[in-house]
Amino acid sequence: MDPEKAHHLVIDGMAACGKVPGLGALMNAMYGVPDIPELRTKVLGISFPHPVGLAAGLDKNGVAADGFSSIGLGFAEVGTVTPKGQAGNPQPRLFRLPPDEALINRMGFNNHGADAMAASLARRKINRIPIAVNIGKNKDTPNELAHEDYQACIRTLYDFGDFFVVNISSPNTQGLRDLQHGDELKKLLDAVMTEMDAQARKRGKETKKVLVKIAPDMSDDQLSHTVATIMDSRVSGIIATNTTLSRDGLSHAHAGETGGLSGRPLTRRSTEVIAAVYRQTGGRLPIIGSGGIFTAQDAYDKIRAGASLVEIYTALIYKGPGMQRELTSGLVECLRKDGYRNIAEAVGADHR
């Protein structure tokens, strides 16, 4: 089946979970992960049943949050969402590379807009796991006004996310990655946190947490400067990493397609970035590790490198929802082998 058609079929099916009585419970019985005390963790002041979540990009409009809450995930990111709905880039724009265990996408933030996502998330009936809202800017918004788009998303969606993710690292919106650097990044994060604080004050509650999602393709100096700017802001954490523009070692004919590459080829690089961020921050800034997680050892390597939580995407496409049980049971084995009592003790272990 065409990859994008398959994508929509899965999302439509998952969206039915909240609408068909008993379907969520059935899916949870089939794919849910049992409560595992060693894997329970608290990050960003939020309790997670286990550290394996879903990366942004699969449920762009938040229509399937009930479904993804029912298949054994520890949390899920919805989005990337922009203030106004947009069609994204021309099709075809999603490509499978099976022998490389990879995907290439150049979707371009196709979504129905922040209002539509708010309506979808307001209809949630299943609240088993934390939900993160991943926000971005519209394609036609110039970078000097990008902060207004991120603020608009926050105003519309503040009540519906347990935490928020600022996406400045997708390679599929022209100029977006320029926001990762220097004064542009500082201006953006200041605006984001000002808006988060304003929304929290209106509700008389503590400000929700914000993370920044960074690219794997920065040089060491660029990464160092970006992380320093994030540390100087009041942002609470980093997601490492987004998709890559690298095509090293690919064998499939689709290797020449433009867009962001995800999956197995990103495994090592994303772990290297996690380790670099952890070293620079001294472990003070929580990290969510994302990129090329196919096995429990992949996830554990990222945790030992410094990730408090991890995210899957491409492996879920190739291996199906049974992998959540495979990953969580495997993580317990890794912990016991190393003599750790819980997952938090393993975070950053490679640096000690």
# chains A, B, ... in the order shown; residues from 1 in each chain; ligands from 1
>>> select_by_dssp(residues="segment 45-252 of chain A", states="strand (DSSP E)", output="MDAnalysis selection string")
chainID A and resid 46:48 52:54 76:81 84:86 94:97 102:105 111:113 131:135 163:167 209:214 237:240
>>> residues_around(residues="segment 217-226 of chain A", least_positions_apart="4", cutoff="7 Å", atoms="only C-alpha atoms", output="list of chain:residue names")
A:Gln180, A:His181, A:Ile230, A:Thr244
>>> closest_atom_pairs(of="segment 43-160 of chain A", to="segment 20-39 of chain A", cutoff="6 Å", atoms="only C-alpha atoms", output="tab-separated table")
residue	atom	partner	partner_atom	distance
A:His50	CA	A:Leu39	CA	4.8
A:Ser70	CA	A:Asn28	CA	4.7
A:Ile71	CA	A:Tyr31	CA	4.8
A:Gly72	CA	A:Gly32	CA	3.9
>>> write_last_selection(atoms="C-alpha atoms", output="PDB file, in the first residue's frame")
ATOM      1  CA  HIS A  50       7.215   3.722  31.609  1.00  0.00           C
ATOM      2  CA  SER A  70      -4.464   2.137  24.446  1.00  0.00           C
ATOM      3  CA  ILE A  71      -1.516   0.309  22.861  1.00  0.00           C
ATOM      4  CA  GLY A  72       1.038   0.280  25.637  1.00  0.00           C
TER       5      GLY A  72
END
>>> closest_residue(among="A:Glu345, A:Asp248, A:Glu206, A:Asp140", to="Leu261 of chain A", atoms="only C-alpha atoms")
A:Asp248
>>> closest_residue(among="A:Ile293, A:Val347, A:Thr328, A:Pro321", to="Gly306 of chain A", atoms="only C-alpha atoms")
A:Val347
>>> closest_residue(among="A:Gly57, A:Ile168, A:Phe163, A:Leu73", to="Met107 of chain A", atoms="only C-alpha atoms")
A:Gly57
>>> residues_around(residues="Ile154 of chain A", least_positions_apart="3", cutoff="8 Å", atoms="only C-alpha atoms", output="NGL selection string")
:A and (135 or 150-151 or 157-158 or 192 or 195-196)
>>> decode(residues="segment 131-222 of chain A", atoms="C-alpha atoms", output="tab-separated table (two decimals), in the first residue's frame")
chain	number	residue	atom	x	y	z
A	131	ILE	CA	0.09	13.86	25.97
A	132	ALA	CA	2.62	16.34	24.58
A	133	VAL	CA	1.65	18.94	21.97
A	134	ASN	CA	4.32	19.59	19.33
A	135	ILE	CA	4.03	23.09	17.84
A	136	GLY	CA	5.50	24.73	14.74
A	137	LYS	CA	5.13	27.66	12.39
A	138	ASN	CA	3.18	27.95	9.17
A	139	LYS	CA	5.15	27.66	5.94
A	140	ASP	CA	4.29	31.21	4.84
A	141	THR	CA	5.25	32.83	8.16
A	142	PRO	CA	8.66	34.56	7.92
A	143	ASN	CA	11.20	33.61	10.57
A	144	GLU	CA	11.13	37.08	12.11
A	145	LEU	CA	7.46	36.49	12.96
A	146	ALA	CA	7.78	32.79	13.82
A	147	HIS	CA	7.39	33.47	17.54
A	148	GLU	CA	3.84	34.70	16.91
A	149	ASP	CA	2.87	31.33	15.41
A	150	TYR	CA	4.26	29.41	18.37
A	151	GLN	CA	2.45	31.74	20.77
A	152	ALA	CA	-0.81	31.31	18.85
A	153	CYS	CA	-0.55	27.52	19.14
A	154	ILE	CA	0.06	27.80	22.87
A	155	ARG	CA	-2.97	30.07	23.38
A	156	THR	CA	-5.24	27.65	21.55
A	157	LEU	CA	-3.88	24.38	22.93
A	158	TYR	CA	-2.60	25.18	26.42
A	159	ASP	CA	-5.36	23.26	28.20
A	160	PHE	CA	-4.86	20.10	26.16
A	161	GLY	CA	-1.16	19.29	26.55
A	162	ASP	CA	0.55	17.90	29.63
A	163	PHE	CA	3.71	19.46	28.19
A	164	PHE	CA	4.72	21.20	24.96
A	165	VAL	CA	7.45	20.69	22.37
A	166	VAL	CA	8.86	23.49	20.21
A	167	ASN	CA	9.75	22.06	16.82
A	168	ILE	CA	12.51	24.10	15.18
A	169	SER	CA	14.32	21.18	13.60
A	170	SER	CA	12.17	19.70	10.84
A	171	PRO	CA	14.09	19.84	7.54
A	172	ASN	CA	10.85	20.07	5.55
A	173	THR	CA	9.85	23.69	6.20
A	174	GLN	CA	12.25	26.06	4.48
A	175	GLY	CA	14.32	28.12	6.90
A	176	LEU	CA	12.90	26.47	10.03
A	177	ARG	CA	16.24	25.06	11.19
A	178	ASP	CA	17.69	28.58	11.17
A	179	LEU	CA	15.63	29.16	14.32
A	180	GLN	CA	17.92	26.74	16.20
A	181	HIS	CA	20.74	29.26	16.41
A	182	GLY	CA	21.76	32.52	18.06
A	183	ASP	CA	19.48	35.47	18.61
A	184	GLU	CA	16.61	33.92	16.67
A	185	LEU	CA	16.48	30.99	19.08
A	186	LYS	CA	16.72	33.27	22.13
A	187	LYS	CA	13.92	35.51	20.83
A	188	LEU	CA	11.70	32.53	20.07
A	189	LEU	CA	12.17	30.81	23.42
A	190	ASP	CA	11.64	34.07	25.33
A	191	ALA	CA	8.35	34.55	23.47
A	192	VAL	CA	7.27	30.96	24.04
A	193	MET	CA	7.92	31.08	27.78
A	194	THR	CA	6.25	34.50	28.11
A	195	GLU	CA	3.11	33.04	26.53
A	196	MET	CA	3.28	29.86	28.64
A	197	ASP	CA	3.52	31.99	31.79
A	198	ALA	CA	0.60	34.16	30.70
A	199	GLN	CA	-1.62	31.14	30.11
A	200	ALA	CA	-0.64	29.65	33.47
A	201	ARG	CA	-1.44	32.91	35.30
A	202	LYS	CA	-4.91	32.99	33.73
A	203	ARG	CA	-5.58	29.59	35.25
A	204	GLY	CA	-3.86	30.26	38.55
A	205	LYS	CA	-1.60	27.25	38.06
A	206	GLU	CA	2.07	26.41	37.62
A	207	THR	CA	3.47	26.91	34.11
A	208	LYS	CA	3.52	23.74	32.03
A	209	LYS	CA	6.86	22.43	30.83
A	210	VAL	CA	8.35	23.11	27.40
A	211	LEU	CA	11.00	21.13	25.53
A	212	VAL	CA	12.88	22.01	22.35
A	213	LYS	CA	13.37	19.43	19.61
A	214	ILE	CA	16.78	19.71	17.94
A	215	ALA	CA	18.29	18.35	14.72
A	216	PRO	CA	21.00	15.67	14.53
A	217	ASP	CA	22.88	17.48	11.75
A	218	MET	CA	24.52	20.30	13.70
A	219	SER	CA	28.28	20.54	14.07
A	220	ASP	CA	29.73	20.21	17.57
A	221	ASP	CA	30.05	24.00	17.86
A	222	GLN	CA	26.50	24.62	16.63
